[in-house]
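A.B. asks: Got a structure here, written out as structure tokens. Questions coming.
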Amino acid sequence: MTPLDTLKLSFSTVVSYRTRSLLIVLAMALGVAAVVVLTALGDGARRYVVGQFSSLGTNLVIVLPGRAETSGGFPGAALGQTPRDLTLEDARFVGQLPQVRRYAPLNVGVAELTAGGRLREVTVLGSTAELLPIRSMKLAQGSFLAHGSERSAQIVLGSALAREFFPDGTVVGQRIRLGDSRFLVSGVLASQGESMGFNTDEIAIIPIDYAQELFNTESLFRILVEAKSRNAIESAKAAITHVLKLRHDGEEDVTVITQDAVLATFDRILRALTLGVAGIAAISLAVAGILVMNVMLVAVAQRTSEIGLLKAIGAPAADIRRLFFAEALWLSLAGGAIGFALGHFGAWMIRLAYPLLPAWPPTWASVAGVATALLTGILASLLPAARAAKLDPVLALSGK
Amino acid sequence: MIRLAEITRVFHMGDQEVRALNNISIDIASGEYVSIMGPSGSGKSTLLNVIGLLDRSDSGHYELDGTDVTDLSENERARVRREKIGFVFQSFHLVPRLTAAENIGLPLILGGIDPAERKSRVDAALDAFDLRDRAHHRPAELSGGQRQRVAIARATIMRPTALLADEPTGNLDHRIGAEVMALLEGLHHAGTTLIVVTHDRELGARAHRHIGMRDGEIVADET
């Protein structure tokens, strides 16, 4: 029996048992569609988060004081030294590196803000004019800290703070007291909510010198660095580590992280999540496979005398095995194809309903969904097909 | 040429042993017309199944057309059945999903005959068995006589040397049964060996050689 005849004959069988075939195909299709839709959701969430994260600022490299890796003891400790702080001078050296477009030193603290009889504690960032472009922040009114005027007592307020202290709306040019010093409000940040752990609507930004004075520290909280390009991120990271090691007497006592690394972590987590939901959806495919096996076993029992006849007119066992095998192939092929279409339609509907969520099913998931459907269908047909092929022709003919 | 030598076939029913065929030896020449008769349980159907290579014997030797087919593998037996044996059953055994023409062509498909050759042989068979206008009907839409004609057309489409019929008229009324027998006898006249199993004396008497069976043994063999 030629493969083409096997496929034709089994196709006509599948078509003639219409209800039975439709139900199996439906079960298969739902399984495949579930894989496609759920992975589209998972991958959409991943793209959404990664996209949001990238909008915080591009090509960002962050320098933290202290070492993240554990290694041998600090050699200076015996001489009564402590690990070196990250200083403004360090930041200036980092800023000179050829891979660096701009940098912003950062100090963070909490201080009391008073104006017009109102008082509250606020998170204060001390930095320079470069903070604004590096963090992709926007101003609603006025100007940011002026370049080269770190010594002038300016303050930029978050939008919520500005509203609370100056409800009448005239904010720029007002005087405000922060701790023991007086500042002139130069600008108001546009409202943009939570980002990297700060609610930027409720912070105040002052020049770095004032912040170090206010918090009585020489040490920086971190240095934000923007590399010249995406490709320059790794070499910038190496150069920063190198220059700071040189400045700290050969001691590698800073940690340099890149936003890429943070992004990659998120990416990994959400990919794992997508794989997880794909796995859960695949279970429904396994269930569909068991359904196929059940129906095929019933088919063998129903068609016992027909199998006997095929044997009587000279069909070898292999032909009979292949006939049932091909039937399962047709069923799972149809289920896979319909499920694929159904899943992509579902993902399209999700994208229509939530335009912000890029719910595109990943190619690997579509391929894996259809392949799993085929595989389970074929595996499920092995046992019934073998059972049919093994039937004794005389007994089978009499329907036993 | 069919030559059975000391064929024994034993079935086990629980702890009881039933000798369906007990040391049977028989020669049937090519082109003979033989009837096998006996009461039910006499072993006549088992004998037919052994001759048709559907069933194996537990001991003895079977030679078909000069070759020993006693110890053939299951696949080789299937091939011999396909090429040399045609079966006609009491209950027709047509595939309900397939049309008359497709049922007739089934052995050709199994034999891997190419489609053009298949079509011309099926067409010839449809004409020979007067089924031309029924070609695209399914078995459910055919009368009993037409169904048995389709079954006979299927049994002869591979041009077998022997045609084995097990109660071929058992499900047909007298007149239609006579027509079917005339058809089978026509094939015998064309040179095919015809072996008919029946418990109908009148039908059995039409054959040229009558084999009587009882309890797994041949009790009569007359021409």
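Scheme for the structure tokens: letters A, B, ... for chains in order shown; per-chain residue numbers from 1; ligand numbers from 1 in order shown.
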Name all residues at most 9 Å from region 69-80 of chain B (count only C-alpha atoms; drop same-chain ones fewer than 5 positions away) and give them as a PyMOL selection string.

C.D. replies: (chain A and resi 311-318) or (chain B and resi 52-54+56-57+59-64+85+111)

A.B. asks: For the selection just defined, write its residues with C-alpha atoms to a file, as a PDB file, in the first residue's frame.

C.D. replies:
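Wrote it out as result-v7.pdb, contents follow:
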```pdb
ATOM      1  CA  LYS A 311      -6.335  -8.840   6.719  1.00  0.00           C
ATOM      2  CA  ALA A 312      -8.339 -11.431   4.768  1.00  0.00           C
ATOM      3  CA  ILE A 313      -7.850  -9.571   1.498  1.00  0.00           C
ATOM      4  CA  GLY A 314      -4.129  -9.385   2.148  1.00  0.00           C
ATOM      5  CA  ALA A 315      -3.274  -6.276   4.180  1.00  0.00           C
ATOM      6  CA  PRO A 316      -0.060  -6.854   6.137  1.00  0.00           C
ATOM      7  CA  ALA A 317       0.027  -5.730   9.786  1.00  0.00           C
ATOM      8  CA  ALA A 318       2.176  -2.723   8.875  1.00  0.00           C
TER       9      ALA A 318
ATOM     10  CA  GLY B  52      -7.177 -19.462   2.893  1.00  0.00           C
ATOM     11  CA  LEU B  53      -4.151 -18.910   5.169  1.00  0.00           C
ATOM     12  CA  LEU B  54      -6.295 -16.926   7.597  1.00  0.00           C
ATOM     13  CA  ARG B  56      -2.605 -21.638  11.067  1.00  0.00           C
ATOM     14  CA  SER B  57      -2.526 -25.326  11.687  1.00  0.00           C
ATOM     15  CA  SER B  59       0.656 -29.545  12.995  1.00  0.00           C
ATOM     16  CA  GLY B  60       0.797 -30.921   9.476  1.00  0.00           C
ATOM     17  CA  HIS B  61       1.891 -29.470   6.156  1.00  0.00           C
ATOM     18  CA  TYR B  62       0.189 -27.236   3.641  1.00  0.00           C
ATOM     19  CA  GLU B  63       1.417 -26.859   0.081  1.00  0.00           C
ATOM     20  CA  LEU B  64      -0.175 -24.243  -2.194  1.00  0.00           C
ATOM     21  CA  ILE B  85      -6.918 -16.304  -2.563  1.00  0.00           C
ATOM     22  CA  GLY B 111      -1.316  -4.536  -3.555  1.00  0.00           C
TER      23      GLY B 111
END
```

A.B. asks: Show which residues sit within 7 Å of region 214-228 of chain A, as a PyMOL selection string. Count only C-alpha atoms, and ignore same-chain residues fewer than 6 positions away.

C.D. replies: chain A and resi 59-65+85-88+91+99-109+134+236

A.B. asks: May I have the selected residues written with C-alpha atoms, as a PDB file, in the first residue's frame?

C.D. replies:
```pdb
ATOM      1  CA  ASN A  59      22.679  53.445  27.803  1.00  0.00           C
ATOM      2  CA  LEU A  60      22.671  53.954  31.550  1.00  0.00           C
ATOM      3  CA  VAL A  61      25.589  52.798  33.691  1.00  0.00           C
ATOM      4  CA  ILE A  62      25.330  53.127  37.478  1.00  0.00           C
ATOM      5  CA  VAL A  63      28.300  53.299  39.827  1.00  0.00           C
ATOM      6  CA  LEU A  64      27.747  52.324  43.482  1.00  0.00           C
ATOM      7  CA  PRO A  65      30.281  52.579  46.303  1.00  0.00           C
ATOM      8  CA  ASP A  85      34.215  56.619  49.559  1.00  0.00           C
ATOM      9  CA  LEU A  86      32.965  57.447  46.108  1.00  0.00           C
ATOM     10  CA  THR A  87      33.628  61.168  45.810  1.00  0.00           C
ATOM     11  CA  LEU A  88      32.737  64.055  43.528  1.00  0.00           C
ATOM     12  CA  ALA A  91      32.732  61.372  39.401  1.00  0.00           C
ATOM     13  CA  GLN A  99      33.035  56.436  26.302  1.00  0.00           C
ATOM     14  CA  VAL A 100      30.959  58.678  28.549  1.00  0.00           C
ATOM     15  CA  ARG A 101      28.539  61.204  27.115  1.00  0.00           C
ATOM     16  CA  ARG A 102      27.417  62.704  30.403  1.00  0.00           C
ATOM     17  CA  TYR A 103      27.356  61.864  34.074  1.00  0.00           C
ATOM     18  CA  ALA A 104      25.472  62.954  37.173  1.00  0.00           C
ATOM     19  CA  PRO A 105      26.681  62.367  40.737  1.00  0.00           C
ATOM     20  CA  LEU A 106      23.875  61.605  43.129  1.00  0.00           C
ATOM     21  CA  ASN A 107      23.278  62.058  46.850  1.00  0.00           C
ATOM     22  CA  VAL A 108      20.044  61.107  48.507  1.00  0.00           C
ATOM     23  CA  GLY A 109      18.706  62.078  51.915  1.00  0.00           C
ATOM     24  CA  ILE A 134      20.241  61.079  31.894  1.00  0.00           C
ATOM     25  CA  ALA A 236      32.452  52.274  29.541  1.00  0.00           C
TER      26      ALA A 236
END
```

A.B. asks: To one decimal place in Å, what is the distance between CA of Ser40 (chain B) and CA of His199 (chain B)?

C.D. replies: 7.8 Å
